[in-house]
Each structure stands twice: as structure tokens, then as C-alpha cells.
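Content type compact mmCIF, C-alpha atoms and all ligand atoms, from the file start34.txt:
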```txt
# COMPACT_ATOMS: atom_id res chain seq x y z
CA MET X 14 -59.33 3.35 87.77
CA SER X 15 -59.03 5.38 84.54
CA PRO X 16 -62.27 6.03 82.56
CA ARG X 17 -60.81 3.90 79.75
CA ARG X 18 -60.16 0.91 82.02
CA ASN X 19 -63.59 1.38 83.53
CA ARG X 20 -65.26 1.33 80.13
CA TRP X 21 -63.39 -1.86 79.19
CA SER X 22 -64.37 -3.61 82.37
CA ARG X 23 -68.00 -2.70 81.70
CA ILE X 24 -67.76 -4.06 78.13
CA THR X 25 -66.15 -7.23 79.47
CA ALA X 26 -68.97 -7.61 81.97
CA VAL X 27 -71.58 -7.17 79.23
CA LEU X 28 -69.83 -9.73 77.05
CA ALA X 29 -69.69 -12.19 79.93
CA THR X 30 -73.44 -11.73 80.49
CA VAL X 31 -74.15 -12.31 76.79
CA ALA X 32 -71.99 -15.44 76.82
CA LEU X 33 -73.75 -16.71 79.92
CA ALA X 34 -77.18 -16.09 78.38
CA ALA X 35 -76.12 -17.88 75.18
CA GLY X 36 -74.90 -20.78 77.29
CA LEU X 37 -78.17 -20.94 79.20
CA THR X 38 -80.16 -20.85 75.97
CA ALA X 39 -78.09 -23.74 74.60
CA CYS X 40 -78.61 -25.72 77.78
CA SER X 41 -82.32 -25.10 78.05
CA SER X 42 -83.16 -25.93 74.43
CA SER X 43 -84.45 -29.41 73.81
CA GLU X 44 -81.82 -30.02 71.10
CA GLU X 45 -78.88 -29.34 73.39
CA ASP X 46 -75.71 -30.09 71.49
CA ASP X 47 -72.70 -31.40 73.31
CA GLY X 48 -71.48 -33.05 70.12
CA LEU X 49 -70.83 -36.76 69.84
CA LEU X 50 -70.89 -38.92 72.94
CA ILE X 51 -68.42 -41.80 73.02
CA TYR X 52 -68.67 -44.61 75.52
CA ASN X 53 -64.93 -45.02 75.82
CA ALA X 54 -63.33 -48.20 77.10
CA GLN X 55 -60.05 -47.51 75.32
CA HIS X 56 -57.25 -45.87 77.27
CA GLU X 57 -58.38 -42.32 77.96
CA SER X 58 -55.10 -40.80 76.77
CA LEU X 59 -55.37 -42.43 73.32
CA THR X 60 -59.01 -41.47 72.82
CA LYS X 61 -58.23 -37.90 73.86
CA GLU X 62 -55.51 -37.78 71.19
CA TRP X 63 -58.05 -39.00 68.59
CA ILE X 64 -60.76 -36.57 69.73
CA ASP X 65 -58.44 -33.57 69.67
CA ALA X 66 -57.21 -34.36 66.15
CA PHE X 67 -60.76 -35.06 64.91
CA THR X 68 -62.27 -31.88 66.37
CA LYS X 69 -59.39 -29.83 64.97
CA GLU X 70 -60.03 -31.21 61.49
CA THR X 71 -63.85 -31.20 61.45
CA GLY X 72 -64.97 -28.74 64.14
CA ILE X 73 -67.25 -31.47 65.54
CA LYS X 74 -67.33 -31.53 69.34
CA VAL X 75 -66.88 -34.85 71.12
CA THR X 76 -67.39 -35.83 74.75
CA TYR X 77 -66.92 -39.24 76.35
CA ARG X 78 -67.77 -41.42 79.32
CA GLN X 79 -64.91 -43.54 80.58
CA GLY X 80 -65.24 -47.17 81.68
CA GLY X 81 -64.06 -50.73 81.06
CA ASP X 82 -64.87 -52.95 78.06
CA THR X 83 -67.31 -55.21 79.90
CA GLU X 84 -68.77 -52.44 82.06
CA LEU X 85 -69.67 -50.14 79.15
CA GLY X 86 -70.70 -53.05 76.88
CA ASN X 87 -73.14 -54.21 79.55
CA GLN X 88 -74.35 -50.65 80.05
CA LEU X 89 -75.12 -50.30 76.33
CA ILE X 90 -77.01 -53.59 76.35
CA ALA X 91 -79.02 -52.48 79.41
CA GLU X 92 -79.80 -49.07 77.90
CA GLY X 93 -80.78 -50.52 74.53
CA SER X 94 -82.26 -48.06 72.06
CA SER X 95 -82.51 -45.32 74.70
CA SER X 96 -78.74 -45.09 75.13
CA PRO X 97 -77.32 -41.58 74.79
CA ALA X 98 -74.13 -43.01 73.24
CA ASP X 99 -73.24 -42.40 69.61
CA VAL X 100 -69.96 -44.32 69.44
CA PHE X 101 -68.46 -47.24 71.40
CA LEU X 102 -64.69 -47.70 71.59
CA THR X 103 -63.08 -50.66 73.33
CA GLU X 104 -59.68 -52.11 74.12
CA ASN X 105 -60.70 -55.62 72.97
CA SER X 106 -63.20 -57.36 70.70
CA PRO X 107 -65.37 -59.40 73.11
CA ALA X 108 -67.39 -56.37 74.32
CA MET X 109 -67.90 -55.30 70.69
CA ALA X 110 -69.10 -58.81 69.81
CA ALA X 111 -71.56 -58.72 72.73
CA VAL X 112 -73.05 -55.37 71.65
CA GLU X 113 -73.19 -56.61 68.05
CA LYS X 114 -75.01 -59.75 69.19
CA ALA X 115 -77.56 -57.57 71.01
CA GLY X 116 -78.33 -55.93 67.64
CA LEU X 117 -77.37 -52.44 68.78
CA PHE X 118 -74.82 -51.45 66.11
CA ALA X 119 -75.48 -49.66 62.80
CA ASP X 120 -73.52 -50.70 59.69
CA VAL X 121 -70.13 -49.01 59.48
CA ASP X 122 -69.77 -46.83 56.34
CA GLN X 123 -67.89 -48.26 53.38
CA ALA X 124 -65.51 -45.28 53.52
CA THR X 125 -64.29 -46.64 56.87
CA ILE X 126 -64.37 -50.33 55.93
CA ALA X 127 -62.28 -49.61 52.83
CA GLN X 128 -59.48 -48.29 55.07
CA VAL X 129 -59.25 -51.40 57.27
CA PRO X 130 -57.83 -54.75 56.04
CA ALA X 131 -60.26 -57.66 56.44
CA GLN X 132 -58.29 -59.40 59.22
CA PHE X 133 -58.81 -56.41 61.52
CA ARG X 134 -62.59 -56.22 61.40
CA PRO X 135 -65.59 -58.55 61.51
CA ALA X 136 -67.04 -59.69 58.17
CA THR X 137 -70.41 -58.26 59.26
CA SER X 138 -69.14 -54.62 59.09
CA LYS X 139 -71.15 -53.91 62.27
CA TRP X 140 -68.00 -52.48 63.84
CA THR X 141 -64.36 -52.09 62.88
CA GLY X 142 -60.90 -52.54 64.32
CA VAL X 143 -59.27 -49.24 65.22
CA ALA X 144 -56.04 -50.47 66.87
CA ALA X 145 -54.42 -53.74 68.00
CA ARG X 146 -52.28 -55.19 70.76
CA THR X 147 -50.40 -58.44 71.07
CA THR X 148 -50.16 -60.93 73.89
CA VAL X 149 -46.63 -61.32 75.28
CA PHE X 150 -44.82 -63.21 78.02
CA ALA X 151 -42.82 -60.60 79.95
CA TYR X 152 -40.00 -62.32 81.80
CA ASN X 153 -37.32 -61.44 84.31
CA LYS X 154 -33.94 -61.63 82.58
CA THR X 155 -32.13 -62.58 85.79
CA LYS X 156 -34.49 -65.54 86.38
CA LEU X 157 -35.02 -67.04 82.93
CA THR X 158 -32.79 -67.61 79.91
CA GLU X 159 -34.26 -67.68 76.42
CA ALA X 160 -33.89 -71.48 76.36
CA GLN X 161 -36.05 -71.77 79.48
CA LEU X 162 -38.99 -69.79 78.07
CA PRO X 163 -42.33 -71.56 77.50
CA LYS X 164 -42.79 -72.57 73.83
CA SER X 165 -46.55 -72.10 74.06
CA ILE X 166 -48.89 -70.24 76.42
CA MET X 167 -50.54 -73.67 76.89
CA ASP X 168 -47.32 -74.93 78.62
CA LEU X 169 -48.06 -72.67 81.61
CA GLU X 170 -50.74 -75.05 82.91
CA GLN X 171 -48.05 -77.69 83.59
CA PRO X 172 -46.96 -78.33 87.21
CA GLU X 173 -43.39 -77.30 86.35
CA TRP X 174 -44.63 -73.68 86.00
CA LYS X 175 -46.44 -73.68 89.35
CA GLY X 176 -45.78 -70.47 91.28
CA ARG X 177 -43.50 -69.11 88.57
CA TRP X 178 -45.86 -66.97 86.49
CA GLY X 179 -48.61 -64.42 86.94
CA ALA X 180 -51.53 -62.76 85.14
CA PRO X 181 -54.49 -60.38 85.79
CA PRO X 182 -57.65 -62.51 85.34
CA VAL X 183 -60.10 -59.75 86.30
CA LYS X 184 -59.12 -57.52 83.40
CA PRO X 185 -61.00 -57.59 80.06
CA ASP X 186 -57.54 -57.42 78.44
CA PHE X 187 -56.65 -60.86 79.84
CA GLN X 188 -60.16 -62.25 79.32
CA ALA X 189 -59.84 -61.47 75.59
CA ILE X 190 -56.77 -63.73 75.49
CA VAL X 191 -58.78 -66.52 77.14
CA ALA X 192 -61.59 -65.89 74.61
CA ALA X 193 -59.10 -66.43 71.78
CA MET X 194 -57.79 -69.59 73.48
CA LEU X 195 -61.36 -70.87 73.73
CA GLU X 196 -61.97 -70.16 70.04
CA LEU X 197 -58.68 -71.80 68.99
CA THR X 198 -58.44 -74.82 71.31
CA GLY X 199 -62.01 -75.48 72.45
CA GLU X 200 -63.65 -75.69 75.87
CA PRO X 201 -61.97 -78.80 77.39
CA ALA X 202 -58.44 -77.50 76.66
CA THR X 203 -59.29 -73.99 77.88
CA SER X 204 -60.92 -75.28 81.07
CA ALA X 205 -57.88 -77.45 81.78
CA TRP X 206 -55.60 -74.45 81.22
CA LEU X 207 -57.70 -72.27 83.55
CA ALA X 208 -57.55 -74.99 86.22
CA GLY X 209 -53.76 -75.01 85.81
CA MET X 210 -53.76 -71.24 86.12
CA LYS X 211 -55.85 -71.36 89.29
CA SER X 212 -53.44 -73.75 91.00
CA GLY X 213 -50.21 -72.47 89.45
CA ALA X 214 -50.37 -68.73 88.73
CA GLU X 215 -49.96 -65.70 90.95
CA ILE X 216 -52.97 -63.41 90.53
CA TYR X 217 -52.49 -59.68 89.99
CA SER X 218 -54.96 -56.82 89.66
CA ASP X 219 -53.89 -55.58 86.23
CA ASN X 220 -51.21 -55.59 83.54
CA ILE X 221 -49.06 -53.03 85.37
CA ALA X 222 -49.11 -54.96 88.66
CA THR X 223 -48.19 -58.13 86.75
CA LEU X 224 -45.25 -56.49 84.99
CA ARG X 225 -44.07 -54.95 88.26
CA ALA X 226 -44.13 -58.37 89.96
CA VAL X 227 -42.07 -59.84 87.12
CA ASN X 228 -39.63 -56.94 87.30
CA ASP X 229 -39.30 -57.33 91.09
CA GLY X 230 -38.68 -61.09 90.72
CA GLN X 231 -41.83 -62.21 92.60
CA VAL X 232 -42.51 -64.37 89.54
CA GLU X 233 -40.33 -65.30 86.58
CA GLY X 234 -42.82 -64.24 83.91
CA GLY X 235 -46.30 -62.92 83.25
CA ILE X 236 -48.93 -62.69 80.53
CA ILE X 237 -49.67 -59.08 79.54
CA TYR X 238 -50.15 -56.94 76.44
CA HIS X 239 -47.05 -55.55 74.77
CA TYR X 240 -47.76 -51.83 75.10
CA TYR X 241 -47.51 -51.73 78.90
CA TRP X 242 -43.86 -52.76 78.53
CA PHE X 243 -43.09 -50.30 75.73
CA ARG X 244 -44.69 -47.39 77.57
CA ASP X 245 -42.59 -48.05 80.64
CA GLN X 246 -39.45 -48.50 78.54
CA ALA X 247 -40.11 -45.09 76.93
CA GLU X 248 -40.47 -43.48 80.35
CA THR X 249 -38.78 -44.58 83.60
CA LYS X 250 -38.21 -48.34 83.07
CA GLU X 251 -39.29 -48.55 86.73
CA ILE X 252 -41.45 -51.65 86.21
CA SER X 253 -39.70 -53.19 83.19
CA GLY X 254 -35.95 -52.53 83.58
CA ASN X 255 -35.16 -56.16 84.54
CA THR X 256 -37.49 -57.67 81.97
CA ALA X 257 -37.70 -58.64 78.31
CA LEU X 258 -40.60 -59.69 76.09
CA HIS X 259 -41.10 -63.19 74.68
CA TYR X 260 -43.40 -63.47 71.65
CA PHE X 261 -44.89 -66.96 71.31
CA ARG X 262 -45.39 -66.69 67.49
CA ASN X 263 -46.22 -69.96 65.55
CA GLU X 264 -49.96 -69.09 65.60
CA ASP X 265 -49.95 -70.04 69.25
CA PRO X 266 -52.99 -68.94 71.31
CA GLY X 267 -50.38 -66.90 73.22
CA ALA X 268 -49.55 -65.00 70.02
CA PHE X 269 -53.12 -63.69 69.93
CA VAL X 270 -53.45 -60.16 68.60
CA SER X 271 -56.46 -58.47 70.17
CA ILE X 272 -58.38 -55.94 68.12
CA SER X 273 -59.64 -52.74 69.70
CA GLY X 274 -63.02 -51.90 68.24
CA GLY X 275 -65.09 -48.91 67.20
CA GLY X 276 -68.81 -49.04 66.44
CA ILE X 277 -71.79 -46.74 65.95
CA LEU X 278 -75.00 -47.21 67.88
CA GLU X 279 -78.11 -47.76 65.75
CA SER X 280 -79.98 -45.53 68.23
CA SER X 281 -77.60 -42.58 67.68
CA LYS X 282 -79.24 -39.39 66.44
CA LYS X 283 -75.90 -38.19 65.10
CA LYS X 284 -74.94 -41.09 62.88
CA ASP X 285 -73.39 -38.90 60.16
CA ASP X 286 -70.95 -37.32 62.58
CA ALA X 287 -70.36 -40.67 64.28
CA GLN X 288 -69.48 -42.21 60.89
CA LYS X 289 -67.12 -39.28 60.27
CA PHE X 290 -65.41 -40.02 63.58
CA LEU X 291 -64.79 -43.69 62.72
CA THR X 292 -63.64 -42.74 59.23
CA PHE X 293 -61.18 -40.30 60.80
CA VAL X 294 -59.85 -42.77 63.40
CA THR X 295 -59.11 -45.33 60.66
CA SER X 296 -57.69 -42.73 58.24
CA LYS X 297 -53.98 -42.04 57.80
CA ALA X 298 -54.17 -39.08 60.22
CA GLY X 299 -56.06 -41.12 62.83
CA GLN X 300 -53.75 -44.11 62.59
CA GLU X 301 -50.65 -41.90 62.75
CA VAL X 302 -51.76 -41.06 66.28
CA LEU X 303 -50.87 -44.71 67.04
CA GLU X 304 -47.62 -44.61 65.08
CA ASN X 305 -46.34 -41.39 66.65
CA GLY X 306 -48.22 -40.97 69.93
CA THR X 307 -47.58 -42.39 73.38
CA SER X 308 -50.00 -45.35 73.27
CA PHE X 309 -47.62 -47.91 71.68
CA GLU X 310 -50.69 -49.76 70.38
CA TYR X 311 -50.60 -50.98 66.76
CA PRO X 312 -52.24 -49.16 63.85
CA VAL X 313 -54.43 -51.51 61.80
CA ALA X 314 -55.61 -49.32 58.92
CA SER X 315 -54.69 -47.01 56.05
CA GLY X 316 -51.29 -48.65 55.55
CA VAL X 317 -49.78 -46.80 58.50
CA PRO X 318 -46.76 -48.63 60.00
CA ALA X 319 -46.34 -49.35 63.70
CA ASN X 320 -44.20 -47.25 65.99
CA PRO X 321 -40.63 -48.24 64.96
CA ALA X 322 -39.91 -49.45 68.54
CA LEU X 323 -42.40 -52.32 68.07
CA VAL X 324 -42.02 -55.70 66.35
CA PRO X 325 -44.12 -55.25 63.17
CA LEU X 326 -47.54 -56.91 63.36
CA ASP X 327 -46.89 -59.07 60.30
CA GLN X 328 -43.88 -60.65 62.04
CA LEU X 329 -45.85 -61.83 65.08
CA GLN X 330 -47.31 -64.99 63.43
CA ALA X 331 -50.59 -64.38 65.23
CA PRO X 332 -53.33 -67.03 64.97
CA ALA X 333 -56.31 -66.14 62.76
CA VAL X 334 -59.31 -65.45 65.00
CA ASN X 335 -62.69 -64.09 63.91
CA PRO X 336 -63.20 -61.21 66.37
CA SER X 337 -66.99 -61.60 66.25
CA ASN X 338 -66.66 -65.12 67.68
CA LEU X 339 -64.97 -64.00 70.90
CA ASP X 340 -67.48 -64.79 73.61
CA SER X 341 -67.00 -62.77 76.78
CA GLN X 342 -69.95 -64.38 78.58
CA LYS X 343 -68.65 -67.90 78.01
CA VAL X 344 -65.17 -66.84 79.14
CA THR X 345 -66.36 -65.25 82.37
CA ASP X 346 -68.47 -68.37 83.03
CA LEU X 347 -65.46 -70.66 82.57
CA MET X 348 -63.20 -68.40 84.64
CA THR X 349 -65.79 -68.23 87.40
CA LYS X 350 -66.09 -72.02 87.35
CA ALA X 351 -62.30 -72.26 87.61
CA GLY X 352 -62.35 -69.99 90.68
CA LEU X 353 -60.46 -67.18 88.95
CA LEU X 354 -63.25 -64.56 89.16
FE FE B 401 -54.92 -51.69 78.49
```
Could I get this structure in the form of C-alpha cells?
Ligand SMILES: [Fe+2]
Amino acid sequence: MSPRRNRWSRITAVLATVALAAGLTACSSSEEDDGLLIYNAQHESLTKEWIDAFTKETGIKVTYRQGGDTELGNQLIAEGSSSPADVFLTENSPAMAAVEKAGLFADVDQATIAQVPAQFRPATSKWTGVAARTTVFAYNKTKLTEAQLPKSIMDLEQPEWKGRWGAPPVKPDFQAIVAAMLELTGEPATSAWLAGMKSGAEIYSDNIATLRAVNDGQVEGGIIYHYYWFRDQAETKEISGNTALHYFRNEDPGAFVSISGGGILESSKKKDDAQKFLTFVTSKAGQEVLENGTSFEYPVASGVPANPALVPLDQLQAPAVNPSNLDSQKVTDLMTKAGLL
């Protein structure tokens, strides 16, 4: 090794030692700073896109713990004011409503609220919508003609649909749809529909398994969210090539648009940075991640249009539902009673 190389390797070694010591100091100090901690129940890929763009713009570091809506919502409620979380992001509103009801959210800054139209956030301003997804009936084009499609999601409880459709009852995505049905039609109608589902529907583990079963012709149609179809169409079409989407429209419970939420924990010690994160996610730059990225979920804020592949939100004739009223506990009780959970 030349003396020059040798000297460089020694300098490199010294630098590595200094870096290690700095790292140890950071870790051993009581105010260790890993940046913001998100409890993330949104799709990991989407949240990663948001985090990368946010950190690039602000220099603020963000880490996250991944889990489901109900799982992380329950965890926050169990942890209470000792939770290490600064921000909670979900796929659907019921888990947000549950954490709000437990009194664990701080008020969202006006700077964020001002970017989000009123129909995409609760009137309380305890959290905000950050994205949206619509309920669809994915159907097999070789099995059903347009004339044979159900007019309403409520039709699926009828005996004529027995064995012909499927859905994933264990997923918070699907449970949010049932929560909207409960809010719109009341308990007797929802319980009757769930009983019809128990006797008439094929049960799948998630949205992807449901779409695959429709595509393979195991069932004629299935209830899922739109973006699973669009993602597959943009990639291999492996689980959607034989299928099309039916939008119920007419303010039908099956036209429910579910709002993905973002909130800040009252117990957070980094509320300023957490507020900055929510302001960023609902800003033009944050919402353009939805317009241009690979999530195919809908933007809800800052006037950013949907990905051009999607049917625009304002053409879906979704029913008006107050997202704070969606009751996940009541829904899981009814679904358990119906034998679906
Ligand atoms: Fe999802």
C-alpha cells in the first residue's frame, strides 16, 4: 500500500470513529431525536412517498410503525398519553373517529384545515382527510353484462345473488363501508344485509384476493376499493384483466367514499413538526403525490385533481357521511353477531 493510500485509510478510520462516537452520544442522550414518529396504517408505499418529499423540503426526519387501522387505533387508545406517536395516518375514518372519541387528538392547525374542503374532514378539526377511496363493484365481464349489475349494494343481500359475489369482511377497508351503511340505513337494514352476506357471499382475506377471485370467475363480482383495480391495471393486469368496475352512484351506500385520515396526538412532544407534516401532506406538493404517484388514491385537498385514469370524485355521486360518526366498534359487534368475524 502506498503511503498516500495508507494515510487516507487512517483518516477514514478516524472519521468512522468520530461518526460512531457522535452516534453513540445521540443515542445515549435523554433527548434522542429520531424525528417524528408516525403510526402508519396507510399503505406503506404511499406514506414513504409523503415522508421522502416532506423530509426533502423541511429537513425534518420521520420514522413510522406500520400496522392496520384498527390495530394501531387500539394501540393508541391503550397507550393513552404515554404513546410515543406524534402522528396517526389511516386508510379509513373509523379508526380516526375512535381515537378522537378517546380524546387523544390535538386540534389540527388552521393552515391545514384551510387546504381541505369541509366534506373531507370532520367539523371538529381534531383530524383531517388526507386522501380518499371509493367503494366499487368489480365484476367479471364474461359473467355479467351491464344490465345484470346490481343497482344498489343493498341488492346483494337478496337470494338471487347467493354464491355470486364476494368481499373481505376482516379488513378495516370493508368494515368502513359497513360503517357508512350503518350510518346511512340504520341498524335493522345493516343487520339484515350482513345476514344476507353471511349466507350469500364468498369470504376472502383481502381486497386483492377478492379481485383475483372475480377475475378467475369464482364469483361474478366483489366489493372492493377502486385503487386495487387501477394499480393492477397499471402493472400486469394479472388479477383484473377480465374485470371492469361498476360505480353504484345515486348516493347509494355502495357509492361510499372513504376518507383516509391524519391526526396529531395531544401527547406528542413535537407538535410543531407534526403540524408541519399534516400541512405538507394536504398541500399542493403533498396531494400531487396522489395525483402522480403509484397509489391511485384520490387527492382531497389544495385543489389537486385526481390521477387522470380515475373517474373524478365529483362524478361519483357519493352519499354524504360525517366521518366522525363512523363507529368501528358497533360495526365489528354487528359483524360478529352476523358470524362474519
Ligand atoms: Fe388498502
Against segment 109-115 of chain X, which residues of segment 318-351 of chain X fall within 12 Å? For each one I want the closest pair of atoms and the distance in Å (one decimal), counting only C-alpha atoms, rows by chain and increasing residue number, as CSV.
```
residue,atom,partner,partner_atom,distance
X:Asn335,CA,X:Ala110,CA,10.2
X:Pro336,CA,X:Ala110,CA,7.2
X:Ser337,CA,X:Ala110,CA,5.0
X:Asn338,CA,X:Ala110,CA,7.1
X:Leu339,CA,X:Ala110,CA,6.7
X:Asp340,CA,X:Ala110,CA,7.3
X:Ser341,CA,X:Ala111,CA,7.3
X:Gln342,CA,X:Ala111,CA,8.3
X:Lys343,CA,X:Ala111,CA,11.0
```
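Residues with any atom within 8 Å of the point (-43.4, -58.4, 79.2), counting all atoms listed in the file, are Val149, Phe150, Ala151, Tyr152, Leu224, Gly234, Gly235, Ile236, Ile237, Tyr238, His239, Tyr241, Trp242, Ser253, Thr256, Ala257, Leu258 and His259 of chain X.
Put simply, atom CA of Met167 of chain X is 20.8 Å away from atom CA of Gln328 of chain X.
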Go through chain X and flag each residue having an atom no more than 7 Å from ligand FE 401 (chain B); for those, report the closest pair of atoms plus their distance in Å to one decimal, using all atoms listed in the file, ordered by chain and rising number, as a tab-separated table.
```
residue	atom	partner	partner_atom	distance
X:His56	CA	B:FE401	FE	6.4
X:Glu104	CA	B:FE401	FE	6.5
X:Asp186	CA	B:FE401	FE	6.3
```
Keeping only C-alpha atoms, take the residues you just selected and write them out as a PDB file, in the coordinates of the input.
```pdb
ATOM      1  CA  HIS X  56     -57.250 -45.870  77.270  1.00  0.00           C
ATOM      2  CA  GLU X 104     -59.680 -52.110  74.120  1.00  0.00           C
ATOM      3  CA  ASP X 186     -57.540 -57.420  78.440  1.00  0.00           C
TER       4      ASP X 186
END
```
Practice task
Using all atoms listed in the file, pick whichever of X:Ala226, X:Leu117, X:Ile166, X:Ala287 has the shortest atom-to-atom distance to Ile64 of chain X.
Solution key: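 Of all the options, X:Ala287 lies closest to Ile64 of chain X.
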Exercise for the section: List the neighbours of Asp265 of chain X out to 12 Å using all atoms listed in the file; skip same-chain residues closer than 5 positions along the sequence, and give me the result as a PyMOL selection string. Expected result: chain X and resi 147-149+163-168+190+193-194+197-198+260+270+329-334
Practice task
Identify, on the basis of all atoms listed in the file, every residue whose closest approach to Gly274 of chain X does not exceed 10 Å; exclude the query and any residue fewer than 4 positions from it along the same chain; express the result as a ChimeraX atom specification.
Solution key: /X:54-55,101-110,133-135,140-145,336
Handout entry: Shell around Thr295 of chain X at 7 Å using all atoms listed in the file, local window under 3 positions removed, as a ChimeraX atom specification
Key = /X:125,128-129,143,291-292,299-300,314-315
Exercise for the section: Measuring atom to atom with only C-alpha atoms, identify which of X:Tyr240, X:Leu353, X:Ala66, X:Gln123 is nearest to Asn320 of chain X. Expected result: X:Tyr240
Exercise for the section: Fewer than 2 positions away in the same chain doesn't count, so skip those; otherwise give me all residues within 8 Å of Thr307 of chain X, counting only C-alpha atoms, as number ranges by chain. Expected result: X: 59, 244, 303, 305, 309
Exercise for the section: For atom CA of Thr203 of chain X and atom CA of Arg262 of chain X, quote the distance in Å rounded to one decimal. Expected result: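 Computed distance, atom CA of Thr203 of chain X to atom CA of Arg262 of chain X, equals 18.8 Å.
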Find the nearest atom pair between each residue of segment 202-248 of chain X and segment 177-182 of chain X for residues within 7 Å, count all atoms listed in the file, give distances in Å to one decimal, sort rows by chain and ascending number, and present the table as a Markdown table.
```
| residue | atom | partner | partner_atom | distance |
| --- | --- | --- | --- | --- |
| X:Ala214 | CA | X:Gly179 | CA | 5.0 |
| X:Glu215 | CA | X:Gly179 | CA | 4.4 |
| X:Ile216 | CA | X:Ala180 | CA | 5.6 |
| X:Tyr217 | CA | X:Pro181 | CA | 4.7 |
| X:Ser218 | CA | X:Pro181 | CA | 5.3 |
| X:Asp219 | CA | X:Pro181 | CA | 4.9 |
| X:Asn220 | CA | X:Pro181 | CA | 6.2 |
| X:Thr223 | CA | X:Ala180 | CA | 5.9 |
| X:Val232 | CA | X:Arg177 | CA | 4.9 |
| X:Glu233 | CA | X:Arg177 | CA | 5.3 |
| X:Gly234 | CA | X:Trp178 | CA | 4.8 |
| X:Gly235 | CA | X:Gly179 | CA | 4.6 |
| X:Ile236 | CA | X:Ala180 | CA | 5.3 |
| X:Ile237 | CA | X:Ala180 | CA | 7.0 |
```
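Between Ser271 of chain X and the residues X:Glu84, X:Asp120, X:Asp99, X:Glu310, the shortest atom-to-atom distance, using only C-alpha atoms, involves X:Glu310.
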Completion exercise
Across X:Ala351, X:Ala202, X:Leu278, X:Ala91, the smallest distance to Tyr52 of chain X, with all atoms listed in the file counted, is shown by X:Leu278
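Rounded to one decimal, atom CA of Ser58 of chain X and atom CA of Ser273 of chain X lie 14.6 Å from each other.
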Exercise for the section: Measuring atom to atom with only C-alpha atoms, identify which of X:Ile221, X:Val302, X:Ile73, X:Ala119 is nearest to Pro318 of chain X. Expected result: X:Val302
Fill in the blank from the handout: One residue among X:Leu347, X:Met210, X:Val317, X:Leu323 is nearest to Ala298 of chain X when using only C-alpha atoms, and that residue is X:Val317
